file upload-v8.csv (CSV, C-alpha atoms)
chain,number,residue,atom,x,y,z
A,1494,MET,CA,8.5,-146.8,31.8
A,1495,ARG,CA,5.7,-145.8,29.3
A,1496,ALA,CA,2.5,-147.9,29.2
A,1497,VAL,CA,-0.9,-147.9,27.6
A,1498,ARG,CA,-3.9,-147.3,29.9
A,1499,TYR,CA,-7.6,-147.0,29.4
A,1500,THR,CA,-9.6,-144.3,31.3
A,1501,GLY,CA,-12.7,-146.3,31.0
A,1502,ALA,CA,-15.0,-147.9,28.3
A,1503,GLY,CA,-15.4,-146.3,24.9
A,1504,ALA,CA,-13.9,-145.5,21.6
A,1505,ALA,CA,-10.1,-145.8,21.2
A,1506,ALA,CA,-9.5,-142.1,20.7
A,1507,GLU,CA,-11.6,-141.3,23.8
A,1508,VAL,CA,-10.2,-143.7,26.4
A,1509,ILE,CA,-6.6,-144.6,25.4
A,1510,GLU,CA,-3.7,-142.7,27.1
A,1511,LEU,CA,0.0,-143.2,27.5
A,1512,VAL,CA,1.2,-142.9,31.1
A,1513,GLU,CA,4.5,-143.2,33.0
A,1514,LEU,CA,4.6,-146.1,35.5
A,1515,ALA,CA,7.2,-147.7,37.8
A,1516,GLU,CA,9.0,-150.7,36.2
A,1517,PRO,CA,7.6,-154.1,37.2
A,1518,VAL,CA,9.7,-156.5,39.3
A,1519,PRO,CA,9.5,-160.2,38.2
A,1520,ALA,CA,8.4,-162.8,40.7
A,1521,ASP,CA,10.5,-165.9,41.3
A,1522,ASP,CA,8.9,-167.8,38.3
A,1523,GLU,CA,8.8,-164.8,36.0
A,1524,VAL,CA,11.1,-162.9,33.7
A,1525,LEU,CA,11.2,-159.2,32.9
A,1526,VAL,CA,10.8,-158.5,29.2
A,1527,ARG,CA,11.8,-155.4,27.4
A,1528,VAL,CA,8.9,-155.2,24.9
A,1529,ALA,CA,9.6,-154.8,21.2
A,1530,ALA,CA,6.2,-155.7,19.7
A,1531,VAL,CA,2.7,-156.5,20.8
A,1532,GLY,CA,0.1,-158.0,18.6
A,1533,LEU,CA,-3.5,-156.7,18.7
A,1534,ASN,CA,-6.4,-159.1,18.6
A,1535,PRO,CA,-10.2,-158.6,18.2
A,1536,VAL,CA,-10.6,-159.3,21.9
A,1537,ASP,CA,-8.5,-156.2,22.7
A,1538,VAL,CA,-10.9,-153.8,21.0
A,1539,LYS,CA,-14.0,-155.7,22.2
A,1540,ILE,CA,-13.0,-155.6,25.8
A,1541,ARG,CA,-11.9,-151.9,25.6
A,1542,ALA,CA,-15.2,-150.9,24.1
A,1543,ALA,CA,-17.2,-152.8,26.7
A,1544,GLY,CA,-15.1,-151.9,29.7
A,1545,THR,CA,-15.9,-155.3,31.4
A,1546,ASP,CA,-14.8,-158.9,31.4
A,1547,PHE,CA,-15.4,-160.7,28.1
A,1548,GLY,CA,-16.6,-164.1,29.3
A,1549,PRO,CA,-13.6,-165.6,31.2
A,1550,ILE,CA,-11.3,-163.0,29.7
A,1551,GLU,CA,-10.3,-160.5,32.4
A,1552,TYR,CA,-10.7,-156.8,31.8
A,1553,ALA,CA,-8.1,-154.4,33.0
A,1554,LEU,CA,-7.4,-150.7,32.6
A,1555,ARG,CA,-3.9,-151.7,31.3
A,1556,PRO,CA,-4.2,-153.9,28.1
A,1557,GLY,CA,-2.2,-156.3,26.1
A,1558,TRP,CA,-1.5,-160.1,26.0
A,1559,ASP,CA,0.7,-160.8,23.0
A,1560,VAL,CA,4.4,-159.9,23.6
A,1561,ALA,CA,7.8,-160.2,21.9
A,1562,GLY,CA,11.0,-158.8,23.2
A,1563,GLU,CA,14.2,-159.5,25.1
A,1564,VAL,CA,14.7,-160.9,28.6
A,1565,VAL,CA,16.4,-158.3,30.8
A,1566,ALA,CA,16.0,-160.0,34.2
A,1567,THR,CA,14.9,-163.4,35.6
A,1568,GLY,CA,13.3,-164.6,38.8
A,1569,SER,CA,15.2,-166.8,41.1
A,1570,ALA,CA,13.4,-170.0,40.1
A,1571,VAL,CA,13.7,-169.5,36.3
A,1572,THR,CA,16.0,-171.9,34.6
A,1573,SER,CA,14.5,-172.1,31.1
A,1574,LEU,CA,15.4,-168.6,30.0
A,1575,GLU,CA,18.4,-166.3,30.4
A,1576,VAL,CA,19.0,-162.6,30.2
A,1577,GLY,CA,19.5,-161.6,26.5
A,1578,ASP,CA,17.1,-164.3,25.2
A,1579,ALA,CA,14.7,-163.2,22.4
A,1580,VAL,CA,11.3,-164.5,23.4
A,1581,PHE,CA,7.6,-164.4,22.4
A,1582,GLY,CA,4.5,-165.4,24.2
A,1583,LEU,CA,0.9,-165.0,25.2
A,1584,ALA,CA,1.1,-163.7,28.7
A,1585,ARG,CA,-1.2,-164.9,31.5
A,1586,PHE,CA,-4.3,-165.2,29.2
A,1587,PRO,CA,-7.2,-165.1,30.0
A,1588,ARG,CA,-6.0,-163.1,33.0
A,1589,ALA,CA,-4.8,-159.5,32.6
A,1590,ALA,CA,-1.2,-159.2,31.5
A,1591,HIS,CA,-0.4,-155.5,30.7
A,1592,THR,CA,2.0,-156.2,27.8
A,1593,LEU,CA,1.3,-152.8,26.0
A,1594,ALA,CA,4.2,-151.2,27.9
A,1595,GLU,CA,8.0,-150.8,27.6
A,1596,LEU,CA,8.6,-153.5,30.2
A,1597,VAL,CA,6.4,-156.4,31.4
A,1598,ALA,CA,6.9,-159.2,33.9
A,1599,VAL,CA,5.7,-162.6,32.4
A,1600,PRO,CA,5.6,-166.1,33.8
A,1601,ALA,CA,8.5,-168.0,32.2
A,1602,ALA,CA,6.2,-170.9,31.3
A,1603,ASP,CA,4.2,-168.6,29.0
A,1604,LEU,CA,7.2,-167.8,26.8
A,1605,ALA,CA,9.3,-169.5,24.3
A,1606,LYS,CA,12.5,-168.5,22.5
A,1607,ALA,CA,11.4,-166.6,19.4
A,1608,PRO,CA,11.9,-167.9,15.9
A,1609,THR,CA,15.2,-166.5,14.5
A,1610,SER,CA,13.6,-166.4,11.0
A,1611,TRP,CA,10.8,-164.0,11.9
A,1612,LYS,CA,11.0,-160.2,12.2
A,1613,VAL,CA,10.2,-158.8,15.6
A,1614,GLU,CA,6.8,-157.6,14.3
A,1615,GLN,CA,5.9,-161.2,13.4
A,1616,ARG,CA,7.0,-162.5,16.8
A,1617,GLY,CA,4.7,-160.1,18.5
A,1618,ALA,CA,1.8,-160.7,16.2
A,1619,ALA,CA,1.7,-164.5,16.4
A,1620,PRO,CA,1.1,-165.9,19.9
A,1621,LEU,CA,-2.6,-165.5,20.6
A,1622,ALA,CA,-3.6,-166.2,17.0
A,1623,VAL,CA,-1.4,-169.2,16.4
A,1624,LEU,CA,-2.2,-170.7,19.8
A,1625,THR,CA,-5.9,-170.4,19.1
A,1626,ALA,CA,-5.4,-172.4,15.9
A,1627,TRP,CA,-3.2,-174.9,17.7
A,1628,HIS,CA,-5.6,-175.5,20.6
A,1629,ALA,CA,-8.7,-175.6,18.2
A,1630,PHE,CA,-7.1,-178.3,16.2
A,1631,ALA,CA,-6.2,-180.2,19.3
A,1632,ALA,CA,-9.9,-180.0,20.4
A,1633,ALA,CA,-10.9,-181.3,17.0
A,1634,GLY,CA,-8.4,-184.2,17.2
A,1635,LEU,CA,-6.2,-182.8,14.4
A,1636,VAL,CA,-2.8,-183.6,15.9
A,1637,GLY,CA,0.3,-185.3,14.6
A,1638,ASP,CA,0.2,-186.6,11.0
A,1639,ALA,CA,-3.1,-185.5,9.4
A,1640,THR,CA,-2.3,-186.7,5.9
A,1641,GLY,CA,-5.4,-187.4,4.0
A,1642,ARG,CA,-7.7,-185.4,6.3
A,1643,ARG,CA,-9.7,-182.5,4.9
A,1644,VAL,CA,-9.9,-179.3,6.9
A,1645,LEU,CA,-12.2,-176.3,6.3
A,1646,VAL,CA,-11.1,-172.9,7.7
A,1647,LEU,CA,-13.9,-170.3,7.8
A,1648,GLY,CA,-12.3,-166.9,7.6
A,1649,GLY,CA,-8.9,-167.9,6.2
A,1650,ALA,CA,-7.5,-164.4,5.8
A,1651,GLY,CA,-7.8,-163.3,9.4
A,1652,GLY,CA,-5.2,-163.4,12.2
A,1653,VAL,CA,-6.2,-166.9,13.3
A,1654,GLY,CA,-7.4,-168.1,9.9
A,1655,HIS,CA,-4.1,-167.6,8.0
A,1656,LEU,CA,-2.1,-169.3,10.7
A,1657,ALA,CA,-4.7,-172.1,10.9
A,1658,ILE,CA,-4.2,-172.9,7.2
A,1659,GLN,CA,-0.5,-173.2,7.8
A,1660,VAL,CA,-0.7,-175.3,10.9
A,1661,ALA,CA,-3.1,-177.8,9.2
A,1662,LYS,CA,-0.8,-177.9,6.1
A,1663,SER,CA,2.2,-178.6,8.3
A,1664,ARG,CA,0.4,-181.7,9.5
A,1665,GLY,CA,-0.3,-182.9,6.0
A,1666,ALA,CA,-4.0,-181.9,5.8
A,1667,HIS,CA,-5.8,-180.8,2.6
A,1668,VAL,CA,-7.1,-177.3,3.4
A,1669,VAL,CA,-10.2,-175.6,2.1
A,1670,ALA,CA,-10.5,-171.9,3.2
A,1671,THR,CA,-13.1,-169.2,2.8
A,1672,ALA,CA,-12.1,-165.6,2.0
A,1673,SER,CA,-13.0,-162.8,-0.4
A,1674,PRO,CA,-11.5,-163.4,-3.9
A,1675,GLY,CA,-9.0,-160.6,-3.5
A,1676,LYS,CA,-7.3,-162.6,-0.8
A,1677,HIS,CA,-7.2,-166.0,-2.5
A,1678,ALA,CA,-3.8,-165.6,-4.1
A,1679,VAL,CA,-2.2,-164.8,-0.7
A,1680,LEU,CA,-3.9,-167.8,1.0
A,1681,ALA,CA,-2.9,-170.1,-1.8
A,1682,GLY,CA,0.7,-169.0,-1.2
A,1683,LEU,CA,0.3,-170.0,2.4
A,1684,GLY,CA,-0.7,-173.5,1.3
A,1685,ALA,CA,-4.5,-173.5,1.0
A,1686,ASP,CA,-5.5,-176.2,-1.5
A,1687,GLU,CA,-9.0,-174.9,-2.2
A,1688,LEU,CA,-10.4,-171.3,-1.9
A,1689,VAL,CA,-14.0,-170.3,-1.8
A,1690,ASP,CA,-15.6,-166.9,-1.8
A,1691,TYR,CA,-17.5,-166.7,1.5
A,1692,ARG,CA,-20.3,-164.6,-0.2
A,1693,ASP,CA,-20.9,-167.2,-3.0
A,1694,ALA,CA,-23.7,-169.5,-1.8
A,1695,GLU,CA,-23.3,-171.8,-4.7
A,1696,ALA,CA,-19.6,-172.3,-4.2
A,1697,LEU,CA,-20.1,-172.8,-0.5
A,1698,ALA,CA,-22.7,-175.5,-1.2
A,1699,ALA,CA,-20.3,-177.3,-3.5
A,1700,ILE,CA,-17.6,-177.8,-0.8
A,1701,GLU,CA,-17.1,-181.6,-0.4
A,1702,PRO,CA,-17.3,-183.0,3.1
A,1703,VAL,CA,-14.4,-182.4,5.4
A,1704,ASP,CA,-13.1,-184.0,8.6
A,1705,VAL,CA,-12.5,-180.8,10.6
A,1706,VAL,CA,-14.1,-177.3,10.5
A,1707,LEU,CA,-12.6,-174.3,12.3
A,1708,SER,CA,-14.8,-171.2,12.3
A,1709,THR,CA,-12.8,-168.0,13.0
A,1710,VAL,CA,-15.6,-165.6,12.1
A,1711,ASP,CA,-18.5,-164.2,14.1
A,1712,ASP,CA,-21.5,-166.6,13.9
A,1713,GLY,CA,-19.6,-168.6,11.2
A,1714,VAL,CA,-21.4,-171.8,10.3
A,1715,PRO,CA,-20.1,-174.3,7.7
A,1716,PRO,CA,-22.4,-175.2,4.8
A,1717,LEU,CA,-24.2,-178.4,5.8
A,1718,GLY,CA,-22.9,-180.1,2.6
A,1719,ALA,CA,-19.4,-179.9,4.0
A,1720,VAL,CA,-20.4,-181.7,7.2
A,1721,ARG,CA,-20.7,-185.5,7.4
A,1722,GLU,CA,-21.0,-188.1,10.1
A,1723,GLY,CA,-18.1,-187.5,12.4
A,1724,THR,CA,-17.0,-184.1,11.2
A,1725,ALA,CA,-15.5,-182.2,14.1
A,1726,VAL,CA,-16.6,-178.6,14.3
A,1727,VAL,CA,-15.0,-176.0,16.5
A,1728,THR,CA,-15.5,-172.2,16.7
A,1729,ILE,CA,-13.6,-169.4,18.4
A,1730,THR,CA,-16.6,-167.0,18.4
A,1731,GLY,CA,-19.7,-169.1,19.0
A,1732,PHE,CA,-22.6,-170.3,16.8
A,1733,PRO,CA,-25.8,-168.5,16.1
A,1734,ASP,CA,-29.0,-169.8,17.7
A,1735,GLY,CA,-30.1,-173.2,16.3
A,1736,ALA,CA,-26.9,-173.8,14.3
A,1737,ALA,CA,-25.5,-176.4,16.6
A,1738,GLU,CA,-28.7,-178.5,16.4
A,1739,GLU,CA,-28.6,-178.3,12.6
A,1740,LEU,CA,-25.0,-179.4,12.5
A,1741,ARG,CA,-25.6,-182.3,14.9
A,1742,ALA,CA,-28.5,-183.5,12.7
A,1743,VAL,CA,-26.1,-184.1,9.8
A,1744,GLY,CA,-23.5,-185.9,12.0
A,1745,ALA,CA,-21.2,-183.1,13.3
A,1746,THR,CA,-19.3,-183.8,16.5
A,1747,GLY,CA,-17.5,-181.5,19.0
A,1748,LEU,CA,-19.3,-178.2,18.3
A,1749,GLU,CA,-17.0,-176.6,20.8
A,1750,ARG,CA,-16.3,-173.0,21.4
A,1751,ILE,CA,-12.6,-173.1,22.3
A,1752,MET,CA,-10.7,-170.7,24.5
A,1753,VAL,CA,-7.0,-170.2,24.0
A,1754,ALA,CA,-4.6,-170.2,27.0
A,1755,ALA,CA,-1.0,-169.2,27.6
A,1756,ASP,CA,1.2,-172.1,26.4
A,1757,GLY,CA,5.0,-171.6,26.1
A,1758,ALA,CA,5.5,-175.3,25.2
A,1759,ALA,CA,3.3,-175.1,22.1
A,1760,LEU,CA,5.0,-171.9,21.1
A,1761,ALA,CA,8.3,-173.7,21.2
A,1762,GLU,CA,6.9,-176.1,18.6
A,1763,VAL,CA,5.6,-173.1,16.6
A,1764,ALA,CA,9.1,-171.6,16.6
A,1765,THR,CA,10.5,-174.9,15.2
A,1766,LEU,CA,8.0,-174.9,12.4
A,1767,ALA,CA,8.8,-171.2,11.7
A,1768,ASP,CA,12.5,-171.8,11.5
A,1769,ALA,CA,11.9,-174.8,9.2
A,1770,GLY,CA,10.2,-172.4,6.8
A,1771,ARG,CA,6.8,-174.0,7.3
A,1772,LEU,CA,5.0,-171.1,9.2
A,1773,THR,CA,4.9,-167.4,8.7
A,1774,VAL,CA,2.9,-164.5,10.0
A,1775,LEU,CA,1.2,-161.8,7.8
A,1776,VAL,CA,1.5,-158.4,9.4
A,1777,GLU,CA,-0.7,-156.0,7.6
A,1778,ALA,CA,0.3,-152.9,9.6
A,1779,ALA,CA,2.7,-152.0,12.4
A,1780,PHE,CA,2.2,-148.8,14.4
A,1781,PRO,CA,4.6,-147.3,17.0
A,1782,LEU,CA,3.4,-147.1,20.6
A,1783,ASP,CA,2.6,-143.4,20.2
A,1784,ASP,CA,0.0,-144.4,17.5
A,1785,VAL,CA,-1.7,-147.2,19.5
A,1786,VAL,CA,-5.1,-145.5,18.9
A,1787,ALA,CA,-4.7,-145.7,15.2
A,1788,ALA,CA,-3.6,-149.3,15.5
A,1789,GLN,CA,-6.8,-150.3,17.4
A,1790,GLU,CA,-8.9,-148.3,15.0
A,1791,ARG,CA,-7.3,-150.2,12.1
A,1792,LEU,CA,-8.1,-153.5,13.6
A,1793,GLU,CA,-11.7,-152.4,14.3
A,1794,THR,CA,-12.3,-151.9,10.5
A,1795,GLY,CA,-12.7,-155.8,10.3
A,1796,ARG,CA,-10.9,-155.7,6.9
A,1797,VAL,CA,-7.4,-156.7,8.1
A,1798,THR,CA,-5.5,-159.5,6.3
A,1799,GLY,CA,-3.3,-161.1,9.0
A,1800,LYS,CA,-2.4,-159.0,12.0
A,1801,VAL,CA,-2.0,-155.5,13.3
A,1802,VAL,CA,1.0,-154.9,15.6
A,1803,VAL,CA,2.3,-152.2,18.0
A,1804,THR,CA,6.0,-151.8,18.0
A,1805,LEU,CA,8.3,-150.3,20.6
A,1806,PRO,CA,11.9,-149.0,20.2

call {"tool": "encode", "arguments": {"input": "upload-v8.csv", "output": "structure tokens"}}
result
Amino acid sequence: MRAVRYTGAGAAAEVIELVELAEPVPADDEVLVRVAAVGLNPVDVKIRAAGTDFGPIEYALRPGWDVAGEVVATGSAVTSLEVGDAVFGLARFPRAAHTLAELVAVPAADLAKAPTSWKVEQRGAAPLAVLTAWHAFAAAGLVGDATGRRVLVLGGAGGVGHLAIQVAKSRGAHVVATASPGKHAVLAGLGADELVDYRDAEALAAIEPVDVVLSTVDDGVPPLGAVREGTAVVTITGFPDGAAEELRAVGATGLERIMVAADGAALAEVATLADAGRLTVLVEAAFPLDDVVAAQERLETGRVTGKVVVTLP
């Protein structure tokens, strides 16, 4: 089979190569997936450039965590999936998973049957991003019926942000999101109730207090006026020095940096929402496996709306 491999740390064009490898054999609790699409995420390019672990996220010379495709073999202990099932998942994260390949062995517990309403590119794009939003809201206590609660998403147009808007809306929340003005119409179409230009200090200061803040951008800090006693604040990237203390001073709670994990059960719920027409994935660009370098370079521009995906025949 063909697979992507790094020769070391560095720029995409310098260290990415396509190689021929032996097909993997699934363990008793795993399935073998013929890969159709793999979503790229910021951590992919950061860990490639550094050539080392990224916190608890394991570096490997063979990349990839998101995956969508078809089950072609099952381990002896697997009962939840069958050969021929269309599946999607976040494999093994934060351990190395090697999904950027034509075939990959994945623990069955990391996978769910894919939404029938989504294209294969969307299935491959979703797992890490949607699970990040899902787990972040769980950490902030935004579970079940959230009718009447106000949620602020910093970085609403990104891979995690545009899915976070929809997850919050599916639970009944009133969603405020930040993004550049050119992306406001798209995010309104996904359900955002209020949209604010992240560069407009006056507009940011005018955001009324919210119950939950999810920051999806590097060093993203909510305006202090949006935080009140009991506002739960979570981040996927971390806060700049001193920000957590300022937020606590105005009553913020939580202040967690959350780490996503593989979660097939949550993805089964995501699939149900998707097939009910309540959740979609924006794919800005899809590249064939032969163009994986261009795919990573596109993601590194930092100007992507939604997701970048690598597809396989």

call {"tool": "atom_distance", "arguments": {"input": "upload-v8.csv", "atom1": "atom CA of A:Ala1561", "atom2": "atom CA of A:Arg1750"}}
result
27.3 Å

call {"tool": "residues_near_point", "arguments": {"input": "upload-v8.csv", "point": "(6.2, -151.3, 28.5)", "cutoff": "6 Å", "atoms": "only C-alpha atoms", "output": "PyMOL selection string"}}
result
chain A and resi 1495-1496+1528+1593-1597

call {"tool": "closest_residue", "arguments": {"input": "upload-v8.csv", "among": "A:Ala1742, A:Val1703, A:Val1497, A:Val1802", "to": "A:Val1613", "atoms": "only C-alpha atoms"}}
result
A:Val1802

call {"tool": "atom_distance", "arguments": {"input": "upload-v8.csv", "atom1": "atom CA of A:Val1774", "atom2": "atom CA of A:Glu1575"}}
result
25.7 Å

call {"tool": "closest_residue", "arguments": {"input": "upload-v8.csv", "among": "A:Ala1632, A:Leu1782, A:Val1689, A:Ala1661", "to": "A:Thr1746", "atoms": "all atoms listed in the file"}}
result
A:Ala1632

call {"tool": "residues_around", "arguments": {"input": "upload-v8.csv", "residues": "stretch 1633-1644 of chain A", "least_positions_apart": "2", "cutoff": "8 Å", "atoms": "all atoms listed in the file", "output": "list of chain:residue names"}}
result
A:Ala1629, A:Phe1630, A:Ala1631, A:Val1646, A:Ala1661, A:Arg1664, A:Gly1665, A:Ala1666, A:His1667, A:Val1668, A:Val1669, A:Pro1702, A:Val1703, A:Asp1704, A:Val1705, A:Val1706, A:Leu1707, A:Ala1725, A:Val1726, A:Val1727, A:Gly1747

call {"tool": "closest_residue", "arguments": {"input": "upload-v8.csv", "among": "A:Thr1773, A:Asn1534, A:Gln1615, A:Thr1625", "to": "A:Gly1562", "atoms": "all atoms listed in the file"}}
result
A:Gln1615

call {"tool": "residues_around", "arguments": {"input": "upload-v8.csv", "residues": "stretch 1520-1524 of chain A", "least_positions_apart": "3", "cutoff": "12 Å", "atoms": "all atoms listed in the file", "output": "NGL selection string"}}
result
:A and (1517 or 1527-1528 or 1562-1582 or 1584-1585 or 1596-1605)

call {"tool": "write_last_selection", "arguments": {"input": "upload-v8.csv", "atoms": "C-alpha atoms", "output": "PDB file, in the frame of the given file"}}
result
ATOM      1  CA  PRO A1517       7.600-154.100  37.200  1.00  0.00           C
ATOM      2  CA  ARG A1527      11.800-155.400  27.400  1.00  0.00           C
ATOM      3  CA  VAL A1528       8.900-155.200  24.900  1.00  0.00           C
ATOM      4  CA  GLY A1562      11.000-158.800  23.200  1.00  0.00           C
ATOM      5  CA  GLU A1563      14.200-159.500  25.100  1.00  0.00           C
ATOM      6  CA  VAL A1564      14.700-160.900  28.600  1.00  0.00           C
ATOM      7  CA  VAL A1565      16.400-158.300  30.800  1.00  0.00           C
ATOM      8  CA  ALA A1566      16.000-160.000  34.200  1.00  0.00           C
ATOM      9  CA  THR A1567      14.900-163.400  35.600  1.00  0.00           C
ATOM     10  CA  GLY A1568      13.300-164.600  38.800  1.00  0.00           C
ATOM     11  CA  SER A1569      15.200-166.800  41.100  1.00  0.00           C
ATOM     12  CA  ALA A1570      13.400-170.000  40.100  1.00  0.00           C
ATOM     13  CA  VAL A1571      13.700-169.500  36.300  1.00  0.00           C
ATOM     14  CA  THR A1572      16.000-171.900  34.600  1.00  0.00           C
ATOM     15  CA  SER A1573      14.500-172.100  31.100  1.00  0.00           C
ATOM     16  CA  LEU A1574      15.400-168.600  30.000  1.00  0.00           C
ATOM     17  CA  GLU A1575      18.400-166.300  30.400  1.00  0.00           C
ATOM     18  CA  VAL A1576      19.000-162.600  30.200  1.00  0.00           C
ATOM     19  CA  GLY A1577      19.500-161.600  26.500  1.00  0.00           C
ATOM     20  CA  ASP A1578      17.100-164.300  25.200  1.00  0.00           C
ATOM     21  CA  ALA A1579      14.700-163.200  22.400  1.00  0.00           C
ATOM     22  CA  VAL A1580      11.300-164.500  23.400  1.00  0.00           C
ATOM     23  CA  PHE A1581       7.600-164.400  22.400  1.00  0.00           C
ATOM     24  CA  GLY A1582       4.500-165.400  24.200  1.00  0.00           C
ATOM     25  CA  ALA A1584       1.100-163.700  28.700  1.00  0.00           C
ATOM     26  CA  ARG A1585      -1.200-164.900  31.500  1.00  0.00           C
ATOM     27  CA  LEU A1596       8.600-153.500  30.200  1.00  0.00           C
ATOM     28  CA  VAL A1597       6.400-156.400  31.400  1.00  0.00           C
ATOM     29  CA  ALA A1598       6.900-159.200  33.900  1.00  0.00           C
ATOM     30  CA  VAL A1599       5.700-162.600  32.400  1.00  0.00           C
ATOM     31  CA  PRO A1600       5.600-166.100  33.800  1.00  0.00           C
ATOM     32  CA  ALA A1601       8.500-168.000  32.200  1.00  0.00           C
ATOM     33  CA  ALA A1602       6.200-170.900  31.300  1.00  0.00           C
ATOM     34  CA  ASP A1603       4.200-168.600  29.000  1.00  0.00           C
ATOM     35  CA  LEU A1604       7.200-167.800  26.800  1.00  0.00           C
ATOM     36  CA  ALA A1605       9.300-169.500  24.300  1.00  0.00           C
TER      37      ALA A1605
END

call {"tool": "closest_residue", "arguments": {"input": "upload-v8.csv", "among": "A:Val1753, A:Ala1758, A:Ile1729, A:Ala1719", "to": "A:Ala1699", "atoms": "all atoms listed in the file"}}
result
A:Ala1719

call {"tool": "closest_residue", "arguments": {"input": "upload-v8.csv", "among": "A:Ala1672, A:Ala1764, A:Ala1506, A:Leu1792", "to": "A:Val1776", "atoms": "all atoms listed in the file"}}
result
A:Leu1792

call {"tool": "atom_distance", "arguments": {"input": "upload-v8.csv", "atom1": "atom CA of A:Val1743", "atom2": "atom CA of A:Asp1711"}}
result
21.7 Å

call {"tool": "closest_atom_pairs", "arguments": {"input": "upload-v8.csv", "of": "stretch 1674-1785 of chain A", "to": "stretch 1539-1553 of chain A", "cutoff": "12 Å", "atoms": "only C-alpha atoms", "output": "tab-separated table"}}
result
residue	atom	partner	partner_atom	distance
A:Thr1730	CA	A:Gly1548	CA	11.3
A:Gly1731	CA	A:Gly1548	CA	11.9
A:Arg1750	CA	A:Gly1548	CA	11.9
A:Ile1751	CA	A:Pro1549	CA	11.7
A:Met1752	CA	A:Pro1549	CA	8.9
A:Val1753	CA	A:Ile1550	CA	10.1
A:Ala1754	CA	A:Ile1550	CA	10.2

call {"tool": "closest_residue", "arguments": {"input": "upload-v8.csv", "among": "A:Ala1678, A:Leu1740, A:Leu1525, A:Leu1766", "to": "A:Ala1650", "atoms": "only C-alpha atoms"}}
result
A:Ala1678

call {"tool": "residues_around", "arguments": {"input": "upload-v8.csv", "residues": "A:Glu1739", "least_positions_apart": "2", "cutoff": "12 Å", "atoms": "all atoms listed in the file", "output": "JSON, numbers by chain"}}
result
{"A": [1714, 1715, 1716, 1717, 1718, 1720, 1721, 1732, 1733, 1734, 1735, 1736, 1737, 1741, 1742, 1743, 1744, 1745, 1746, 1748]}

call {"tool": "write_last_selection", "arguments": {"input": "upload-v8.csv", "atoms": "C-alpha atoms", "output": "mmCIF file, in the coordinates of the input"}}
result
data_model
loop_
_atom_site.group_PDB
_atom_site.id
_atom_site.type_symbol
_atom_site.label_atom_id
_atom_site.label_comp_id
_atom_site.auth_asym_id
_atom_site.auth_seq_id
_atom_site.Cartn_x
_atom_site.Cartn_y
_atom_site.Cartn_z
ATOM 1 C CA VAL A 1714 -21.400 -171.800 10.300
ATOM 2 C CA PRO A 1715 -20.100 -174.300 7.700
ATOM 3 C CA PRO A 1716 -22.400 -175.200 4.800
ATOM 4 C CA LEU A 1717 -24.200 -178.400 5.800
ATOM 5 C CA GLY A 1718 -22.900 -180.100 2.600
ATOM 6 C CA VAL A 1720 -20.400 -181.700 7.200
ATOM 7 C CA ARG A 1721 -20.700 -185.500 7.400
ATOM 8 C CA PHE A 1732 -22.600 -170.300 16.800
ATOM 9 C CA PRO A 1733 -25.800 -168.500 16.100
ATOM 10 C CA ASP A 1734 -29.000 -169.800 17.700
ATOM 11 C CA GLY A 1735 -30.100 -173.200 16.300
ATOM 12 C CA ALA A 1736 -26.900 -173.800 14.300
ATOM 13 C CA ALA A 1737 -25.500 -176.400 16.600
ATOM 14 C CA ARG A 1741 -25.600 -182.300 14.900
ATOM 15 C CA ALA A 1742 -28.500 -183.500 12.700
ATOM 16 C CA VAL A 1743 -26.100 -184.100 9.800
ATOM 17 C CA GLY A 1744 -23.500 -185.900 12.000
ATOM 18 C CA ALA A 1745 -21.200 -183.100 13.300
ATOM 19 C CA THR A 1746 -19.300 -183.800 16.500
ATOM 20 C CA LEU A 1748 -19.300 -178.200 18.300
#
